[in-house]
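**Student:** Enclosed is the structure file final14.cif (mmCIF, C-alpha atoms).
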```cif
data_model
loop_
_atom_site.group_PDB
_atom_site.id
_atom_site.type_symbol
_atom_site.label_atom_id
_atom_site.label_comp_id
_atom_site.auth_asym_id
_atom_site.auth_seq_id
_atom_site.Cartn_x
_atom_site.Cartn_y
_atom_site.Cartn_z
ATOM 1 C CA MET A 20 17.568 -15.951 -0.517
ATOM 2 C CA ALA A 21 13.838 -16.282 0.101
ATOM 3 C CA ASN A 22 14.254 -19.906 1.158
ATOM 4 C CA GLU A 23 17.087 -19.043 3.522
ATOM 5 C CA VAL A 24 15.004 -16.293 5.164
ATOM 6 C CA LYS A 25 12.050 -18.677 5.474
ATOM 7 C CA GLN A 26 14.255 -21.356 7.065
ATOM 8 C CA VAL A 27 15.629 -18.928 9.649
ATOM 9 C CA LEU A 28 12.153 -17.650 10.515
ATOM 10 C CA GLN A 29 10.726 -21.182 10.696
ATOM 11 C CA ARG A 30 13.531 -22.334 12.997
ATOM 12 C CA TYR A 31 13.009 -19.251 15.171
ATOM 13 C CA LYS A 32 9.286 -19.978 15.357
ATOM 14 C CA GLU A 33 9.977 -23.592 16.345
ATOM 15 C CA LEU A 34 12.381 -22.495 19.077
ATOM 16 C CA ARG A 35 9.947 -19.904 20.420
ATOM 17 C CA THR A 36 7.131 -22.423 20.650
ATOM 18 C CA SER A 37 9.305 -25.173 22.135
ATOM 19 C CA LEU A 38 10.693 -23.030 24.968
ATOM 20 C CA PRO A 39 8.575 -22.441 28.049
ATOM 21 C CA SER A 40 7.382 -18.849 28.260
ATOM 22 C CA SER A 41 9.517 -18.191 31.347
ATOM 23 C CA ALA A 42 12.665 -19.368 29.552
ATOM 24 C CA SER A 43 12.043 -17.147 26.547
ATOM 25 C CA THR A 44 11.567 -14.038 28.686
ATOM 26 C CA SER A 45 14.434 -14.708 31.053
ATOM 27 C CA SER A 46 16.901 -15.784 28.374
ATOM 28 C CA PRO A 47 16.187 -13.973 25.107
ATOM 29 C CA THR A 48 19.622 -14.808 23.704
ATOM 30 C CA ARG A 49 18.809 -18.517 23.667
ATOM 31 C CA THR A 50 16.581 -18.201 20.622
ATOM 32 C CA ARG A 51 18.480 -15.394 18.962
ATOM 33 C CA SER A 52 21.864 -17.055 19.083
ATOM 34 C CA SER A 53 20.664 -20.063 17.099
ATOM 35 C CA SER A 54 20.270 -18.092 13.883
ATOM 36 C CA PRO A 55 21.248 -14.659 12.606
ATOM 37 C CA GLY A 56 18.794 -11.916 13.454
ATOM 38 C CA PRO A 57 15.399 -13.618 13.187
ATOM 39 C CA CYS A 58 13.674 -10.704 14.944
ATOM 40 C CA LYS A 59 15.399 -8.275 12.611
ATOM 41 C CA LEU A 60 14.253 -10.329 9.628
ATOM 42 C CA GLU A 61 10.666 -10.252 10.877
ATOM 43 C CA ARG A 62 10.779 -6.505 11.341
ATOM 44 C CA PHE A 63 12.461 -5.924 7.980
ATOM 45 C CA LEU A 64 9.565 -7.782 6.352
ATOM 46 C CA SER A 65 7.359 -4.881 7.484
ATOM 47 C CA GLN A 66 8.503 -2.634 4.632
ATOM 48 C CA PRO A 67 6.063 0.270 4.187
ATOM 49 C CA PHE A 68 3.772 -0.621 1.302
ATOM 50 C CA HIS A 69 1.755 1.959 -0.635
ATOM 51 C CA VAL A 70 -1.465 -0.035 -0.136
ATOM 52 C CA ALA A 71 -1.023 0.103 3.648
ATOM 53 C CA GLU A 72 -0.478 3.876 3.918
ATOM 54 C CA GLN A 73 -4.025 4.556 5.073
ATOM 55 C CA PHE A 74 -3.709 1.974 7.841
ATOM 56 C CA THR A 75 -0.173 2.662 9.051
ATOM 57 C CA GLY A 76 0.133 6.393 8.453
ATOM 58 C CA THR A 77 3.566 5.691 6.964
ATOM 59 C CA PRO A 78 4.145 6.696 3.343
ATOM 60 C CA GLY A 79 4.696 3.727 1.054
ATOM 61 C CA VAL A 80 8.110 3.168 -0.446
ATOM 62 C CA PHE A 81 9.004 1.400 -3.687
ATOM 63 C CA VAL A 82 12.004 -0.843 -3.084
ATOM 64 C CA PRO A 83 13.554 -2.708 -6.011
ATOM 65 C CA ILE A 84 13.782 -6.459 -5.425
ATOM 66 C CA ALA A 85 17.578 -6.330 -5.661
ATOM 67 C CA GLU A 86 17.667 -3.872 -2.731
ATOM 68 C CA THR A 87 15.359 -6.059 -0.657
ATOM 69 C CA ILE A 88 17.519 -9.109 -1.326
ATOM 70 C CA ARG A 89 20.652 -7.146 -0.433
ATOM 71 C CA GLY A 90 19.048 -6.149 2.863
ATOM 72 C CA PHE A 91 18.174 -9.723 3.753
ATOM 73 C CA LYS A 92 21.673 -10.916 2.810
ATOM 74 C CA GLU A 93 23.247 -8.306 5.058
ATOM 75 C CA ILE A 94 20.962 -9.182 7.969
ATOM 76 C CA LEU A 95 21.700 -12.900 7.585
ATOM 77 C CA ALA A 96 25.429 -12.191 7.354
ATOM 78 C CA GLY A 97 25.284 -10.307 10.651
ATOM 79 C CA THR A 98 26.393 -7.041 9.080
ATOM 80 C CA HIS A 99 23.923 -5.070 11.195
ATOM 81 C CA ASP A 100 24.009 -7.017 14.450
ATOM 82 C CA GLU A 101 24.888 -3.842 16.357
ATOM 83 C CA LEU A 102 21.645 -2.128 15.329
ATOM 84 C CA PRO A 103 18.579 -2.464 17.569
ATOM 85 C CA GLU A 104 15.697 -4.605 16.329
ATOM 86 C CA ARG A 105 13.311 -1.624 16.372
ATOM 87 C CA ALA A 106 15.433 0.055 13.673
ATOM 88 C CA PHE A 107 14.301 -2.535 11.123
ATOM 89 C CA TYR A 108 10.572 -1.872 11.472
ATOM 90 C CA MET A 109 8.749 -0.132 8.601
ATOM 91 C CA LYS A 110 11.847 0.777 6.601
ATOM 92 C CA GLY A 111 12.226 0.457 2.867
ATOM 93 C CA THR A 112 15.881 -0.358 2.361
ATOM 94 C CA ILE A 113 18.663 -1.563 4.591
ATOM 95 C CA ASP A 114 20.362 1.789 3.991
ATOM 96 C CA GLN A 115 17.343 3.527 5.531
ATOM 97 C CA VAL A 116 17.533 1.175 8.513
ATOM 98 C CA VAL A 117 21.176 2.127 9.072
ATOM 99 C CA LYS A 118 20.538 5.866 8.631
ATOM 100 C CA ASP A 119 17.602 5.902 11.028
ATOM 101 C CA ALA A 120 19.411 3.789 13.619
ATOM 102 C CA ARG A 121 22.291 6.255 13.597
ATOM 103 C CA GLY A 122 19.935 9.232 13.799
ATOM 104 C CA GLU A 123 20.695 10.442 10.273
ATOM 105 C CA SER A 124 17.071 10.570 9.090
#
```
Give the structure from this file in structure tokens form.
**Tutor:**
Amino acid sequence: MANEVKQVLQRYKELRTSLPSSASTSSPTRTRSSSPGPCKLERFLSQPFHVAEQFTGTPGVFVPIAETIRGFKEILAGTHDELPERAFYMKGTIDQVVKDARGES
């Protein structure tokens, strides 16, 4: 799973750097359509860590590795394509992402 996530993010990075800046701002779907949710993957990587609490102001969350892997699998599978990218930022589990995106905090 880690390798698949890295491949998607690497491909996304390559596409972002190869497109002129005007093309990436005028056609954001060009880079996103080439792989499932690279922006969501990037944001999901921002899980709130205990060591970062003093810098982020967000309480740290312990997330078992199996839950993290499940979240990445669901993002790659497109299960949460309807959720906005911002919903994935600083969340512990994919379940928390879904709850917050639906306003169920």
**Student:** Would you kindly return, as a short mmCIF file (atom, residue, chain, number, x, y, z; two decimals) with C-alpha atoms, in the frame of the given file, each protein, DNA or RNA residue with an atom no farther than 9 Å from any atom of A:Glu61, considering only C-alpha atoms and excluding same-chain residues fewer than 6 positions away?
**Tutor:**
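Generated output (around29.cif):
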```
data_model
loop_
_atom_site.label_atom_id
_atom_site.label_comp_id
_atom_site.auth_asym_id
_atom_site.auth_seq_id
_atom_site.Cartn_x
_atom_site.Cartn_y
_atom_site.Cartn_z
CA LEU A 28 12.15 -17.65 10.52
CA PHE A 107 14.30 -2.54 11.12
CA TYR A 108 10.57 -1.87 11.47
#
```
**Student:** Using all atoms listed in the file, what residues lie at most 12 Å away from (3.5, -3.7, 8.0) (file coordinates), given as a list in words?
**Tutor:**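 Answer for this query, in the requested form: Glu61, Arg62, Phe63, Leu64, Ser65, Gln66, Pro67, Phe68, His69, Val70, Ala71, Glu72, Gln73, Phe74, Thr75, Gly76, Thr77, Pro78, Gly79, Val80, Phe107, Tyr108, Met109, Lys110 and Gly111 of chain A.
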**Student:** What do you get, as an MDAnalysis selection string, if you spell out every residue that the PyMOL selection byres ((chain A and resi 119) around 12) selects here?
**Tutor:** chainID A and resid 102:118 120:124
**Student:** What separation in Å, quoted to one decimal, exists between atom CA of A:Thr98 and atom CA of A:Gly56?
**Tutor:**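 Rounded to one decimal, the two atoms are 10.0 Å apart.
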**Student:** Quick one: pull the distance between atom CA of A:Gly97 and atom CA of A:Arg35, Å, one decimal.
**Tutor:** 20.6 Å
**Student:** Can you work out the spacing between atom CA of A:Ile88 and atom CA of A:Gln29 in Å, to one decimal?
**Tutor:**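 Taking atom CA of A:Ile88 and atom CA of A:Gln29, their separation equals 18.3 Å.
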**Student:** Mind checking which residues fall within 10 Å of A:Gln26, counting only C-alpha atoms, ignoring those fewer than 5 positions away in the same chain, and posting them as an MDAnalysis selection string?
**Tutor:** chainID A and resid 20:21 31:32 54 57
**Student:** Rank nothing, just name the residue among A:Val82, A:Val27, A:Leu60, A:Leu34 nearest to A:His99, using all atoms listed in the file.
**Tutor:** A:Leu60
**Student:** Of the residues A:Cys58, A:Lys25, A:Thr36, A:Phe81, which is the one nearest to A:Ile94, using only C-alpha atoms?
**Tutor:**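 Checking each candidate against A:Ile94, we get A:Cys58 as the closest.
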**Student:** Got a minute to add N, CA and C atoms to stretch 105-124 of chain A and dump it as a PDB file, in the coordinates of the input?
**Tutor:**
```pdb
ATOM      1  N   ARG A 105      14.334  -2.619  16.723  1.00  0.00           N
ATOM      2  CA  ARG A 105      13.311  -1.624  16.372  1.00  0.00           C
ATOM      3  C   ARG A 105      13.679  -0.815  15.133  1.00  0.00           C
ATOM      4  N   ALA A 106      14.981  -0.724  14.821  1.00  0.00           N
ATOM      5  CA  ALA A 106      15.433   0.055  13.673  1.00  0.00           C
ATOM      6  C   ALA A 106      14.999  -0.564  12.345  1.00  0.00           C
ATOM      7  N   PHE A 107      14.645  -1.826  12.354  1.00  0.00           N
ATOM      8  CA  PHE A 107      14.301  -2.535  11.123  1.00  0.00           C
ATOM      9  C   PHE A 107      12.815  -2.441  10.766  1.00  0.00           C
ATOM     10  N   TYR A 108      12.025  -1.896  11.657  1.00  0.00           N
ATOM     11  CA  TYR A 108      10.572  -1.872  11.472  1.00  0.00           C
ATOM     12  C   TYR A 108      10.138  -0.734  10.548  1.00  0.00           C
ATOM     13  N   MET A 109       9.350  -1.074   9.550  1.00  0.00           N
ATOM     14  CA  MET A 109       8.749  -0.132   8.601  1.00  0.00           C
ATOM     15  C   MET A 109       9.781   0.726   7.870  1.00  0.00           C
ATOM     16  N   LYS A 110      10.832   0.093   7.405  1.00  0.00           N
ATOM     17  CA  LYS A 110      11.847   0.777   6.601  1.00  0.00           C
ATOM     18  C   LYS A 110      11.849   0.155   5.214  1.00  0.00           C
ATOM     19  N   GLY A 111      12.196   0.951   4.236  1.00  0.00           N
ATOM     20  CA  GLY A 111      12.226   0.457   2.867  1.00  0.00           C
ATOM     21  C   GLY A 111      13.477  -0.334   2.549  1.00  0.00           C
ATOM     22  N   THR A 112      14.618   0.303   2.699  1.00  0.00           N
ATOM     23  CA  THR A 112      15.881  -0.358   2.361  1.00  0.00           C
ATOM     24  C   THR A 112      16.744  -0.525   3.608  1.00  0.00           C
ATOM     25  N   ILE A 113      17.733  -1.362   3.474  1.00  0.00           N
ATOM     26  CA  ILE A 113      18.663  -1.563   4.591  1.00  0.00           C
ATOM     27  C   ILE A 113      19.454  -0.281   4.845  1.00  0.00           C
ATOM     28  N   ASP A 114      19.679   0.507   3.806  1.00  0.00           N
ATOM     29  CA  ASP A 114      20.362   1.789   3.991  1.00  0.00           C
ATOM     30  C   ASP A 114      19.538   2.722   4.870  1.00  0.00           C
ATOM     31  N   GLN A 115      18.218   2.709   4.697  1.00  0.00           N
ATOM     32  CA  GLN A 115      17.343   3.527   5.531  1.00  0.00           C
ATOM     33  C   GLN A 115      17.359   3.041   6.978  1.00  0.00           C
ATOM     34  N   VAL A 116      17.426   1.739   7.166  1.00  0.00           N
ATOM     35  CA  VAL A 116      17.533   1.175   8.513  1.00  0.00           C
ATOM     36  C   VAL A 116      18.773   1.726   9.206  1.00  0.00           C
ATOM     37  N   VAL A 117      19.900   1.676   8.504  1.00  0.00           N
ATOM     38  CA  VAL A 117      21.176   2.127   9.072  1.00  0.00           C
ATOM     39  C   VAL A 117      21.125   3.627   9.378  1.00  0.00           C
ATOM     40  N   LYS A 118      20.624   4.412   8.430  1.00  0.00           N
ATOM     41  CA  LYS A 118      20.538   5.866   8.631  1.00  0.00           C
ATOM     42  C   LYS A 118      19.685   6.205   9.853  1.00  0.00           C
ATOM     43  N   ASP A 119      18.513   5.605   9.924  1.00  0.00           N
ATOM     44  CA  ASP A 119      17.602   5.902  11.028  1.00  0.00           C
ATOM     45  C   ASP A 119      18.176   5.437  12.359  1.00  0.00           C
ATOM     46  N   ALA A 120      18.838   4.304  12.376  1.00  0.00           N
ATOM     47  CA  ALA A 120      19.411   3.789  13.619  1.00  0.00           C
ATOM     48  C   ALA A 120      20.525   4.692  14.135  1.00  0.00           C
ATOM     49  N   ARG A 121      21.202   5.346  13.213  1.00  0.00           N
ATOM     50  CA  ARG A 121      22.291   6.255  13.597  1.00  0.00           C
ATOM     51  C   ARG A 121      21.800   7.688  13.792  1.00  0.00           C
ATOM     52  N   GLY A 122      20.499   7.897  13.610  1.00  0.00           N
ATOM     53  CA  GLY A 122      19.935   9.232  13.799  1.00  0.00           C
ATOM     54  C   GLY A 122      20.206  10.175  12.641  1.00  0.00           C
ATOM     55  N   GLU A 123      20.398   9.632  11.454  1.00  0.00           N
ATOM     56  CA  GLU A 123      20.695  10.442  10.273  1.00  0.00           C
ATOM     57  C   GLU A 123      19.475  10.659   9.393  1.00  0.00           C
ATOM     58  N   SER A 124      18.288  10.462   9.894  1.00  0.00           N
ATOM     59  CA  SER A 124      17.071  10.570   9.090  1.00  0.00           C
ATOM     60  C   SER A 124      17.082  11.797   8.322  1.00  0.00           C
TER      61      SER A 124
END
```
